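Note: the block below is start_6.csv and it holds CSV, C-alpha atoms and all ligand atoms.
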chain,number,residue,atom,x,y,z
A,874,MET,CA,-117.8,129.6,12.8
A,875,GLU,CA,-117.1,130.8,16.3
A,876,LYS,CA,-116.8,128.0,18.8
A,877,ARG,CA,-119.2,127.9,21.7
A,878,ALA,CA,-118.9,125.9,24.9
A,879,THR,CA,-121.5,124.0,26.9
A,880,ILE,CA,-122.0,121.5,29.6
A,881,VAL,CA,-122.0,118.1,27.8
A,882,GLY,CA,-122.2,115.9,30.9
A,883,SER,CA,-122.7,116.2,34.6
A,884,GLY,CA,-122.2,114.0,37.7
A,885,HIS,CA,-122.5,114.2,41.5
A,886,TYR,CA,-121.5,112.1,44.5
A,887,LEU,CA,-122.5,112.4,48.1
A,888,PRO,CA,-120.9,110.3,50.8
A,889,PRO,CA,-123.5,107.8,52.2
A,890,LYS,CA,-123.4,108.9,55.9
A,891,VAL,CA,-126.5,111.0,56.7
A,892,VAL,CA,-126.2,113.4,59.6
A,893,THR,CA,-129.5,114.8,60.8
A,894,ASN,CA,-130.1,118.0,62.7
A,895,ASN,CA,-130.9,115.8,65.7
A,896,ASP,CA,-127.5,114.1,65.4
A,897,LEU,CA,-125.9,117.6,65.7
A,898,ALA,CA,-128.2,118.4,68.6
A,899,ALA,CA,-126.6,115.4,70.4
A,900,MET,CA,-123.2,117.1,70.0
A,901,PHE,CA,-123.8,120.7,71.0
A,902,PRO,CA,-126.8,122.9,72.0
A,903,THR,CA,-129.0,123.3,68.9
A,904,SER,CA,-132.3,121.9,67.7
A,905,ASP,CA,-133.9,120.6,64.5
A,906,GLU,CA,-136.3,123.5,64.8
A,907,TRP,CA,-133.6,126.2,65.0
A,908,ILE,CA,-131.7,124.9,62.0
A,909,THR,CA,-134.7,124.2,59.9
A,910,GLN,CA,-136.4,127.5,60.5
A,911,ARG,CA,-133.3,129.6,59.8
A,912,THR,CA,-131.7,127.6,57.0
A,913,GLY,CA,-134.1,124.9,55.6
A,914,ILE,CA,-131.4,122.3,56.2
A,915,ARG,CA,-132.7,118.9,57.6
A,916,GLU,CA,-129.7,116.7,57.0
A,917,ARG,CA,-126.3,116.7,55.4
A,918,ARG,CA,-123.7,114.0,54.4
A,919,PHE,CA,-120.3,113.5,56.1
A,920,ILE,CA,-117.4,111.4,55.1
A,921,GLU,CA,-116.8,108.4,57.3
A,922,GLU,CA,-113.2,107.3,57.0
A,923,SER,CA,-109.7,108.7,56.5
A,924,PRO,CA,-108.3,109.5,54.1
A,925,THR,CA,-111.3,110.8,52.0
A,926,GLY,CA,-110.4,114.1,50.3
A,927,ALA,CA,-112.3,116.4,48.0
A,928,SER,CA,-110.6,114.5,45.1
A,929,ASP,CA,-112.1,111.2,46.3
A,930,LEU,CA,-115.6,112.6,46.3
A,931,ALA,CA,-115.0,114.2,42.9
A,932,LEU,CA,-113.7,110.9,41.3
A,933,PRO,CA,-117.1,109.1,41.0
A,934,ALA,CA,-118.8,112.4,40.0
A,935,ALA,CA,-116.3,113.0,37.3
A,936,LYS,CA,-116.7,109.5,35.9
A,937,MET,CA,-120.5,110.0,35.9
A,938,ALA,CA,-120.2,113.3,34.0
A,939,ILE,CA,-117.8,111.7,31.4
A,940,GLU,CA,-120.2,108.8,30.9
A,941,GLN,CA,-123.2,111.0,30.5
A,942,ALA,CA,-121.4,112.9,27.8
A,943,GLY,CA,-120.6,109.7,26.0
A,944,ARG,CA,-116.8,110.5,26.3
A,945,ASP,CA,-113.9,108.4,27.5
A,946,ILE,CA,-111.7,109.4,30.5
A,947,LYS,CA,-108.8,109.8,28.0
A,948,ASP,CA,-110.8,112.5,26.2
A,949,VAL,CA,-110.4,114.8,29.2
A,950,ASP,CA,-107.7,117.3,28.3
A,951,ALA,CA,-107.9,119.7,31.3
A,952,ILE,CA,-109.2,119.7,34.9
A,953,ILE,CA,-110.4,122.7,36.9
A,954,PHE,CA,-111.0,122.0,40.6
A,955,ALA,CA,-113.0,124.4,42.7
A,956,THR,CA,-112.7,123.8,46.5
A,957,LEU,CA,-112.1,125.6,49.8
A,958,SER,CA,-111.3,122.3,51.4
A,959,PRO,CA,-108.5,120.7,49.3
A,960,ASP,CA,-107.3,117.2,50.2
A,961,ILE,CA,-104.2,118.8,51.7
A,962,ASN,CA,-102.8,122.4,51.8
A,963,PHE,CA,-100.8,121.9,48.6
A,964,PRO,CA,-100.7,120.6,45.9
A,965,GLY,CA,-104.3,121.2,44.7
A,966,SER,CA,-107.0,118.6,44.6
A,967,GLY,CA,-107.0,118.8,40.7
A,968,CYS,CA,-103.6,117.0,40.7
A,969,PHE,CA,-104.9,114.3,42.9
A,970,LEU,CA,-108.0,113.8,40.8
A,971,GLY,CA,-106.0,113.7,37.5
A,972,HIS,CA,-103.8,111.0,39.0
A,973,LYS,CA,-106.8,109.0,40.2
A,974,LEU,CA,-108.4,109.3,36.8
A,975,GLY,CA,-105.2,108.0,35.2
A,976,LEU,CA,-104.5,111.2,33.3
A,977,PRO,CA,-100.7,111.9,33.5
A,978,GLY,CA,-99.7,115.1,31.9
A,979,VAL,CA,-103.2,116.6,31.8
A,980,PRO,CA,-103.2,120.1,33.3
A,981,ALA,CA,-105.0,120.6,36.6
A,982,LEU,CA,-106.0,124.1,37.9
A,983,ASP,CA,-107.3,124.5,41.4
A,984,ILE,CA,-109.3,127.6,42.1
A,985,ARG,CA,-110.1,129.3,45.4
A,986,ASN,CA,-113.4,131.0,45.0
A,987,GLN,CA,-115.5,129.2,47.6
A,988,CYS,CA,-119.2,129.2,46.8
A,989,SER,CA,-118.7,131.0,43.5
A,990,GLY,CA,-115.9,128.6,42.5
A,991,PHE,CA,-117.9,126.5,40.1
A,992,ILE,CA,-119.0,129.5,38.0
A,993,TYR,CA,-115.5,130.9,38.1
A,994,GLY,CA,-114.3,127.5,36.9
A,995,LEU,CA,-116.9,127.4,34.2
A,996,SER,CA,-115.7,130.8,32.9
A,997,VAL,CA,-112.1,129.4,32.5
A,998,ALA,CA,-113.4,126.3,30.7
A,999,ASP,CA,-115.6,128.4,28.5
A,1000,ALA,CA,-112.6,130.6,27.4
A,1001,TRP,CA,-110.3,127.5,26.9
A,1002,ILE,CA,-112.9,125.8,24.7
A,1003,ARG,CA,-113.9,128.9,22.7
A,1004,SER,CA,-110.2,129.7,22.0
A,1005,GLY,CA,-109.6,126.1,20.8
A,1006,MET,CA,-107.0,125.4,23.5
A,1007,TYR,CA,-108.8,122.4,25.0
A,1008,ARG,CA,-111.8,120.3,23.9
A,1009,ASN,CA,-113.1,118.5,27.1
A,1010,VAL,CA,-112.6,120.2,30.4
A,1011,LEU,CA,-113.7,118.8,33.7
A,1012,VAL,CA,-115.0,121.5,36.0
A,1013,CYS,CA,-115.3,120.1,39.5
A,1014,GLY,CA,-116.7,121.4,42.7
A,1015,ALA,CA,-116.0,119.3,45.8
A,1016,GLU,CA,-115.8,119.8,49.5
A,1017,VAL,CA,-115.0,117.9,52.7
A,1018,HIS,CA,-116.2,120.3,55.3
A,1019,SER,CA,-117.0,117.8,58.1
A,1020,THR,CA,-113.3,117.4,59.2
A,1021,GLY,CA,-112.9,121.1,59.8
A,1022,LEU,CA,-116.0,122.3,61.7
A,1023,ASP,CA,-116.2,123.2,65.4
A,1024,PHE,CA,-118.8,120.9,66.8
A,1025,SER,CA,-119.0,122.8,70.1
A,1026,GLU,CA,-121.3,125.6,71.2
A,1027,ARG,CA,-118.7,128.1,70.0
A,1028,GLY,CA,-118.9,127.0,66.4
A,1029,ARG,CA,-122.6,126.0,66.2
A,1030,ASP,CA,-123.6,128.9,63.9
A,1031,VAL,CA,-121.3,127.6,61.2
A,1032,ALA,CA,-121.2,123.8,61.9
A,1033,VAL,CA,-124.9,123.3,61.2
A,1034,LEU,CA,-124.7,124.8,57.7
A,1035,PHE,CA,-122.1,122.7,55.9
A,1036,GLY,CA,-122.0,119.2,54.3
A,1037,ASP,CA,-119.6,117.1,52.2
A,1038,GLY,CA,-120.2,116.4,48.5
A,1039,ALA,CA,-119.1,116.8,44.9
A,1040,GLY,CA,-120.5,117.8,41.6
A,1041,VAL,CA,-118.8,117.8,38.2
A,1042,ALA,CA,-119.5,119.2,34.8
A,1043,LEU,CA,-117.8,118.1,31.6
A,1044,VAL,CA,-117.5,121.2,29.4
A,1045,GLY,CA,-117.1,120.7,25.7
A,1046,GLU,CA,-118.0,122.3,22.4
A,1047,ALA,CA,-121.7,123.1,21.8
A,1048,THR,CA,-123.0,121.6,18.7
A,1049,GLY,CA,-126.3,122.0,16.7
A,1050,ASP,CA,-128.6,124.8,17.6
A,1051,SER,CA,-127.7,125.0,21.3
A,1052,LYS,CA,-126.1,128.3,22.3
A,1053,GLY,CA,-124.4,126.6,25.2
A,1054,ILE,CA,-122.9,129.0,27.7
A,1055,CYS,CA,-124.6,132.3,26.7
A,1056,ALA,CA,-123.2,134.6,29.3
A,1057,LEU,CA,-121.1,134.6,32.5
A,1058,GLU,CA,-120.3,137.3,35.0
A,1059,LEU,CA,-117.8,137.3,37.9
A,1060,HIS,CA,-117.3,139.6,40.8
A,1061,ALA,CA,-115.3,140.0,44.0
A,1062,ASP,CA,-115.0,142.5,46.9
A,1063,GLY,CA,-112.4,141.8,49.5
A,1064,SER,CA,-113.8,144.4,51.9
A,1065,GLY,CA,-115.9,141.4,53.2
A,1066,ALA,CA,-113.0,138.9,53.3
A,1067,GLU,CA,-113.0,138.5,57.1
A,1068,ASP,CA,-116.8,138.2,57.4
A,1069,LEU,CA,-116.5,134.7,56.1
A,1070,CYS,CA,-113.1,133.1,56.4
A,1071,LEU,CA,-110.8,130.5,57.9
A,1072,LEU,CA,-107.8,132.3,59.3
A,1073,ALA,CA,-105.3,129.8,60.6
A,1074,PRO,CA,-102.7,128.5,59.8
A,1075,MET,CA,-102.0,131.9,58.2
A,1076,SER,CA,-98.8,132.4,56.2
A,1077,ARG,CA,-98.9,136.1,57.0
A,1078,ASN,CA,-98.1,135.3,60.6
A,1079,ILE,CA,-94.8,134.2,62.2
A,1080,PRO,CA,-95.3,131.4,63.0
A,1081,ARG,CA,-98.4,130.3,61.0
A,1082,LEU,CA,-100.1,128.5,63.9
A,1083,THR,CA,-99.7,129.3,67.6
A,1084,GLN,CA,-101.3,127.6,70.6
A,1085,GLU,CA,-103.3,130.9,71.1
A,1086,MET,CA,-104.7,130.7,67.6
A,1087,PHE,CA,-105.6,127.1,68.2
A,1088,ASP,CA,-107.2,127.8,71.5
A,1089,GLU,CA,-109.2,130.7,70.0
A,1090,GLY,CA,-110.4,128.3,67.3
A,1091,LEU,CA,-108.9,130.3,64.4
A,1092,HIS,CA,-108.4,127.0,62.5
A,1093,TYR,CA,-112.2,126.8,62.2
A,1094,PRO,CA,-114.3,128.8,59.7
A,1095,ARG,CA,-115.9,132.0,61.1
A,1096,MET,CA,-118.8,133.9,59.7
A,1097,ASN,CA,-120.7,137.1,60.3
A,1098,GLY,CA,-124.0,135.5,59.3
A,1099,ARG,CA,-126.1,138.7,59.1
A,1100,GLN,CA,-123.6,140.4,56.9
A,1101,VAL,CA,-123.4,137.4,54.6
A,1102,PHE,CA,-127.2,137.3,54.5
A,1103,ARG,CA,-127.4,141.0,53.6
A,1104,TRP,CA,-124.8,140.8,50.8
A,1105,ALA,CA,-126.1,137.5,49.3
A,1106,THR,CA,-129.7,138.7,49.0
A,1107,GLN,CA,-128.5,141.9,47.3
A,1108,LYS,CA,-125.7,140.6,45.0
A,1109,MET,CA,-127.4,137.4,43.8
A,1110,PRO,CA,-130.4,139.1,42.2
A,1111,GLU,CA,-128.2,141.9,40.9
A,1112,VAL,CA,-125.9,139.5,39.1
A,1113,ALA,CA,-128.8,137.4,37.9
A,1114,MET,CA,-130.4,140.4,36.2
A,1115,SER,CA,-127.2,141.6,34.7
A,1116,VAL,CA,-126.1,138.2,33.3
A,1117,LEU,CA,-129.6,137.7,31.8
A,1118,ALA,CA,-129.3,141.1,30.1
A,1119,LYS,CA,-126.0,140.0,28.6
A,1120,ALA,CA,-127.6,136.8,27.3
A,1121,GLY,CA,-130.4,138.9,25.8
A,1122,LEU,CA,-133.0,137.0,27.9
A,1123,THR,CA,-135.5,137.9,30.6
A,1124,ILE,CA,-136.5,135.9,33.6
A,1125,ASP,CA,-139.5,134.5,31.7
A,1126,ASP,CA,-137.2,132.8,29.3
A,1127,ILE,CA,-135.6,130.7,32.0
A,1128,ASP,CA,-136.6,127.1,32.5
A,1129,LEU,CA,-134.6,126.3,35.6
A,1130,PHE,CA,-132.9,128.5,38.2
A,1131,VAL,CA,-130.0,126.8,40.0
A,1132,PRO,CA,-128.8,129.1,42.8
A,1133,HIS,CA,-125.9,128.2,45.1
A,1134,GLN,CA,-127.4,126.5,48.2
A,1135,ALA,CA,-126.2,128.5,51.2
A,1136,ASN,CA,-129.5,128.9,52.9
A,1137,MET,CA,-133.1,128.2,51.9
A,1138,ARG,CA,-134.2,131.6,53.2
A,1139,ILE,CA,-131.6,133.4,51.0
A,1140,ASN,CA,-132.7,131.5,48.0
A,1141,GLN,CA,-136.4,132.1,48.6
A,1142,MET,CA,-135.7,135.8,49.0
A,1143,VAL,CA,-133.6,135.9,45.8
A,1144,ALA,CA,-136.2,134.0,43.8
A,1145,GLY,CA,-138.9,136.4,45.2
A,1146,LYS,CA,-136.9,139.4,44.1
A,1147,LEU,CA,-136.4,137.9,40.6
A,1148,GLY,CA,-140.1,136.9,40.4
A,1149,ILE,CA,-139.3,133.3,39.4
A,1150,ALA,CA,-141.8,130.6,40.3
A,1151,ASP,CA,-140.7,128.2,43.0
A,1152,GLU,CA,-141.2,125.1,40.8
A,1153,LYS,CA,-138.4,126.5,38.5
A,1154,VAL,CA,-136.0,126.8,41.5
A,1155,VAL,CA,-133.6,124.0,42.5
A,1156,HIS,CA,-133.4,123.3,46.2
A,1157,ASN,CA,-131.3,120.5,47.6
A,1158,ILE,CA,-130.1,122.2,50.8
A,1159,GLN,CA,-132.6,120.3,52.8
A,1160,ARG,CA,-130.8,117.1,52.1
A,1161,TYR,CA,-127.1,118.1,51.7
A,1162,GLY,CA,-126.6,121.4,53.5
A,1163,ASN,CA,-124.2,123.9,52.0
A,1164,THR,CA,-121.6,121.9,49.9
A,1165,THR,CA,-120.0,125.2,48.8
A,1166,ALA,CA,-118.3,124.8,45.4
A,1167,ALA,CA,-120.3,121.6,44.8
A,1168,THR,CA,-123.9,122.9,45.2
A,1169,ILE,CA,-124.4,124.2,41.7
A,1170,PRO,CA,-123.0,121.2,39.8
A,1171,ILE,CA,-124.9,118.8,42.1
A,1172,GLY,CA,-128.1,120.8,41.4
A,1173,ILE,CA,-127.4,120.6,37.6
A,1174,SER,CA,-126.6,116.9,37.7
A,1175,GLU,CA,-129.7,115.9,39.8
A,1176,SER,CA,-132.0,118.1,37.7
A,1177,TRP,CA,-130.7,116.6,34.5
A,1178,ARG,CA,-131.4,113.1,35.8
A,1179,GLU,CA,-134.8,114.0,37.1
A,1180,GLY,CA,-135.7,115.4,33.6
A,1181,LYS,CA,-136.0,119.0,34.9
A,1182,LEU,CA,-133.5,120.1,32.3
A,1183,GLY,CA,-132.7,118.7,28.8
A,1184,PRO,CA,-131.8,119.8,25.3
A,1185,GLY,CA,-132.9,123.4,24.8
A,1186,SER,CA,-133.4,124.2,28.5
A,1187,LYS,CA,-132.3,127.6,29.5
A,1188,VAL,CA,-130.7,127.6,32.9
A,1189,LEU,CA,-129.8,130.6,35.1
A,1190,THR,CA,-127.3,130.0,37.9
A,1191,VAL,CA,-125.9,132.4,40.5
A,1192,ALA,CA,-123.6,132.1,43.5
A,1193,PHE,CA,-122.4,134.2,46.4
A,1194,GLY,CA,-119.7,133.3,48.9
A,1195,ALA,CA,-116.6,134.0,50.8
A,1196,GLY,CA,-114.3,136.7,49.4
A,1197,PHE,CA,-116.8,138.1,49.0
A,1198,THR,CA,-117.2,136.6,45.6
A,1199,TRP,CA,-120.3,136.4,43.4
A,1200,ALA,CA,-121.1,135.2,39.9
A,1201,GLY,CA,-123.9,134.3,37.5
A,1202,GLY,CA,-124.3,132.4,34.3
A,1203,VAL,CA,-126.9,131.5,31.6
A,1204,ILE,CA,-126.5,128.2,29.8
A,1205,GLU,CA,-128.7,126.8,27.1
A,1206,PHE,CA,-128.4,123.0,27.1
B,1,LIG,N1,-128.4,126.5,67.2
B,1,LIG,C1,-129.1,127.2,68.1
B,1,LIG,N2,-128.8,128.5,68.4
B,1,LIG,C2,-127.8,129.1,67.7
B,1,LIG,C3,-127.1,128.4,66.7
B,1,LIG,C4,-127.4,127.0,66.5
B,1,LIG,N3,-126.8,126.3,65.6
B,1,LIG,N4,-126.2,129.2,66.2
B,1,LIG,C5,-126.4,130.4,66.7
B,1,LIG,N5,-127.4,130.3,67.7
B,1,LIG,C6,-127.9,131.3,68.6
B,1,LIG,C7,-126.9,132.5,68.7
B,1,LIG,O1,-126.0,132.2,69.7
B,1,LIG,C8,-127.9,133.6,69.1
B,1,LIG,O2,-128.2,133.5,70.5
B,1,LIG,P1,-128.4,134.8,71.4
B,1,LIG,O3,-129.6,135.5,70.8
B,1,LIG,O4,-128.7,134.2,72.7
B,1,LIG,O5,-127.1,135.6,71.3
B,1,LIG,C9,-129.1,133.3,68.3
B,1,LIG,O6,-129.1,131.9,68.0
B,1,LIG,C10,-129.3,134.1,67.1
B,1,LIG,O7,-128.1,134.1,66.4
B,1,LIG,P2,-128.0,134.9,65.1
B,1,LIG,O8,-126.6,134.8,64.6
B,1,LIG,O9,-128.5,136.3,65.3
B,1,LIG,O10,-129.0,134.1,64.2
B,1,LIG,P3,-129.6,134.6,62.8
B,1,LIG,O11,-131.0,134.7,63.0
B,1,LIG,O12,-128.8,135.7,62.2
B,1,LIG,O13,-129.3,133.2,62.0
B,1,LIG,C11,-127.8,132.4,60.4
B,1,LIG,C12,-128.0,132.8,61.8
B,1,LIG,C13,-128.7,131.2,60.0
B,1,LIG,C14,-126.3,131.9,60.2
B,1,LIG,C15,-128.1,133.6,59.5
B,1,LIG,O14,-127.4,134.7,59.9
B,1,LIG,C16,-127.9,133.4,58.1
B,1,LIG,O15,-128.7,132.7,57.4
B,1,LIG,N6,-126.9,134.0,57.5
B,1,LIG,C17,-126.5,133.7,56.1
B,1,LIG,C18,-125.2,132.9,56.2
B,1,LIG,C19,-125.2,131.7,55.4
B,1,LIG,O16,-126.1,131.2,54.9
B,1,LIG,N7,-124.0,131.2,55.3
B,1,LIG,C20,-123.7,130.1,54.5
B,1,LIG,C21,-122.3,130.0,54.2
B,1,LIG,S1,-121.9,131.3,53.2
B,1,LIG,C22,-122.5,131.1,51.7
B,1,LIG,O17,-122.5,130.0,51.2
B,1,LIG,C23,-122.9,132.3,51.0
Please lay out the structure from this file as structure tokens.
Amino acid sequence: MEKRATIVGSGHYLPPKVVTNNDLAAMFPTSDEWITQRTGIRERRFIEESPTGASDLALPAAKMAIEQAGRDIKDVDAIIFATLSPDINFPGSGCFLGHKLGLPGVPALDIRNQCSGFIYGLSVADAWIRSGMYRNVLVCGAEVHSTGLDFSERGRDVAVLFGDGAGVALVGEATGDSKGICALELHADGSGAEDLCLLAPMSRNIPRLTQEMFDEGLHYPRMNGRQVFRWATQKMPEVAMSVLAKAGLTIDDIDLFVPHQANMRINQMVAGKLGIADEKVVHNIQRYGNTTAATIPIGISESWREGKLGPGSKVLTVAFGAGFTWAGGVIEF
């Protein structure tokens, strides 16, 4: 019989330090009202001490996922690590995580697909498992944004959005009646690459980093917020409908919708276009801000523990982010 893959365990970790909108308002001109009205975010988590990399946040989340699946760390035979904020420029955070888990020789693949990174990672794990190449694949999404934001008036449009955190799924073979990962769909369009990006240091320039770049703040993320908003609210519903059709399902079949958490207003608009009831939509942006590659696995892990999903649940997930990249998936647990 053809192998099917599914999420067999999930975990999440958020650093304990809570940073409220008022804490940010003490650093640069903004307000709780401005941030809440436009984004839904009330607070986010930041790491507190150096060194704390994306792999450090992913470590407890990975252990939680492995434990929930009833597996042992030694059962993990591949690691996929989605992040736009790796511990250091290279090597990838997956290598650091494998070392911290005590898994010498186990392959580690970092992927650079920003907010869509988790679903892209899931597609690789799905293919590996269905082909029989690997049996237990950790798919991690983890970010440390707080060390790379511009906490001045210049960077306030971006700085208020992001938080640190990690979510992990252990992907294994689906057993019994569960269809597991029913359908996945991935997209990219580089025409929007510089509407949401971090430019410097840039290897395309001689030298990679100049004093001018530094003074201009090119080492901080920059965003054309309105353009991102427009694209996200168009592409997320599109990919949702398309991936549902591939799975042979309709929106009414879906028990839980786990969208990427970029902005509460984007998600409300997407849910409205899809006609899905708010009680089926996962929102955690109020508490964590945008944790980029981590938002979806955090949402899955929290929902699983809160009993919002369990055996037989059909989950729709979609993401949109820098690249631009966007993706969708349907998973039957
Ligand atoms: N606090 C107070 N004022 C601010 C802040 C802030 N943090 N940031 C910007 N402003 C000011 C601007 O300077 C501007 O002032 P001006 O009118 O005097 O020039 C004013 O607020 C309005 O700025 P806009 O950029 O027009 O604000 P907008 O209503 O578009 O909201 C936002 C900005 C929230 C970023 C919006 O464009 C948006 O939601 N975009 C989607 C982007 C997003 O969610 N990105 C997440 C990361 S990408 C991803 O995960 C998909």
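Every protein or nucleic acid residue with an atom no more than 6 Å from His1133 of chain A, counting all atoms listed in the file and leaving out same-chain residues fewer than 4 positions away, appears here: Thr1168, Ile1169 and Ala1192 of chain A.
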Query raised in the report: For Asp983 of chain A, which residue among A:Ala1015, A:Ala1135, A:Ala938, A:Ala898 is the nearest when counting all atoms listed in the file?
Result: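 That would be A:Ala1015, the residue with the smallest distance to Asp983 of chain A.
With all atoms listed in the file as the atoms that count, the residue of A:Ile908, A:Leu1011, A:Ala998, A:Ile1124 with the shortest distance to Ile939 of chain A is A:Leu1011.
Of the listed residues (A:Gly1021, A:Pro1110, A:Gly1053, A:Pro902), A:Pro902 comes nearest to ligand LIG 1 (chain B); the distances count all atoms listed in the file.
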Requested in this report: For Ala1073 of chain A, list every protein, DNA or RNA residue within 7 Å, evaluated using all atoms listed in the file, and leave out those in the same chain fewer than 4 positions away; present the list as a PyMOL selection string.
Outcome: chain A and resi 1081-1082+1091-1092
Report task. Just give me the gap between atom CA of Pro1184 of chain A and atom CA of Gly1162 of chain A in Å, one decimal is fine. Result ->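 Atom CA of Gly1162 of chain A lies 28.7 Å from atom CA of Pro1184 of chain A.
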**Report entry** Nearest to Asp1037 of chain A by atom-to-atom distance, counting only C-alpha atoms, from A:His1060, A:His1018, A:Arg1099, A:Arg1003
**Finding:**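 The shortest atom-to-atom distance to Asp1037 of chain A comes from A:His1018.
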Query - Top pick for closest residue to ligand LIG 1 (chain B), considering A:Pro1170, A:Gly1202, A:Gly1065, A:Gly1028 and counting only C-alpha atoms and all ligand atoms - result: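 Using only C-alpha atoms and all ligand atoms, the shortest distance to ligand LIG 1 (chain B) belongs to A:Gly1028.
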Query - From A:Ser1019, A:Asn1140, A:Thr879, A:Asn962, residue lying nearest ligand LIG 1 (chain B) [only C-alpha atoms and all ligand atoms] - result: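 Using only C-alpha atoms and all ligand atoms, ligand LIG 1 (chain B) sits closest to A:Asn1140.
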Report task. Give as number ranges by chain the residues surrounding ligand LIG 1 (chain B) up to a distance of 6 Å, considering all atoms listed in the file. Result -> A: 903, 907, 911-912, 988, 1029-1030, 1033, 1098-1099, 1101-1102, 1135-1136, 1165, 1193-1194
Query raised in the report: Using all atoms listed in the file, which residues sit within 6 Å of Ile1171 of chain A once same-chain residues fewer than 3 positions away are excluded, as an MDAnalysis selection string?
Result: chainID A and resid 885 1040 1168 1174
Report task. Can you pull out every residue within 12 Å of Trp1199 of chain A, counting only C-alpha atoms, but drop anything in the same chain fewer than 6 positions away, and send it as a PyMOL selection string? Result -> chain A and resi 986-993+1057-1063+1065+1101+1104-1113+1116+1132-1133+1166+1190-1193
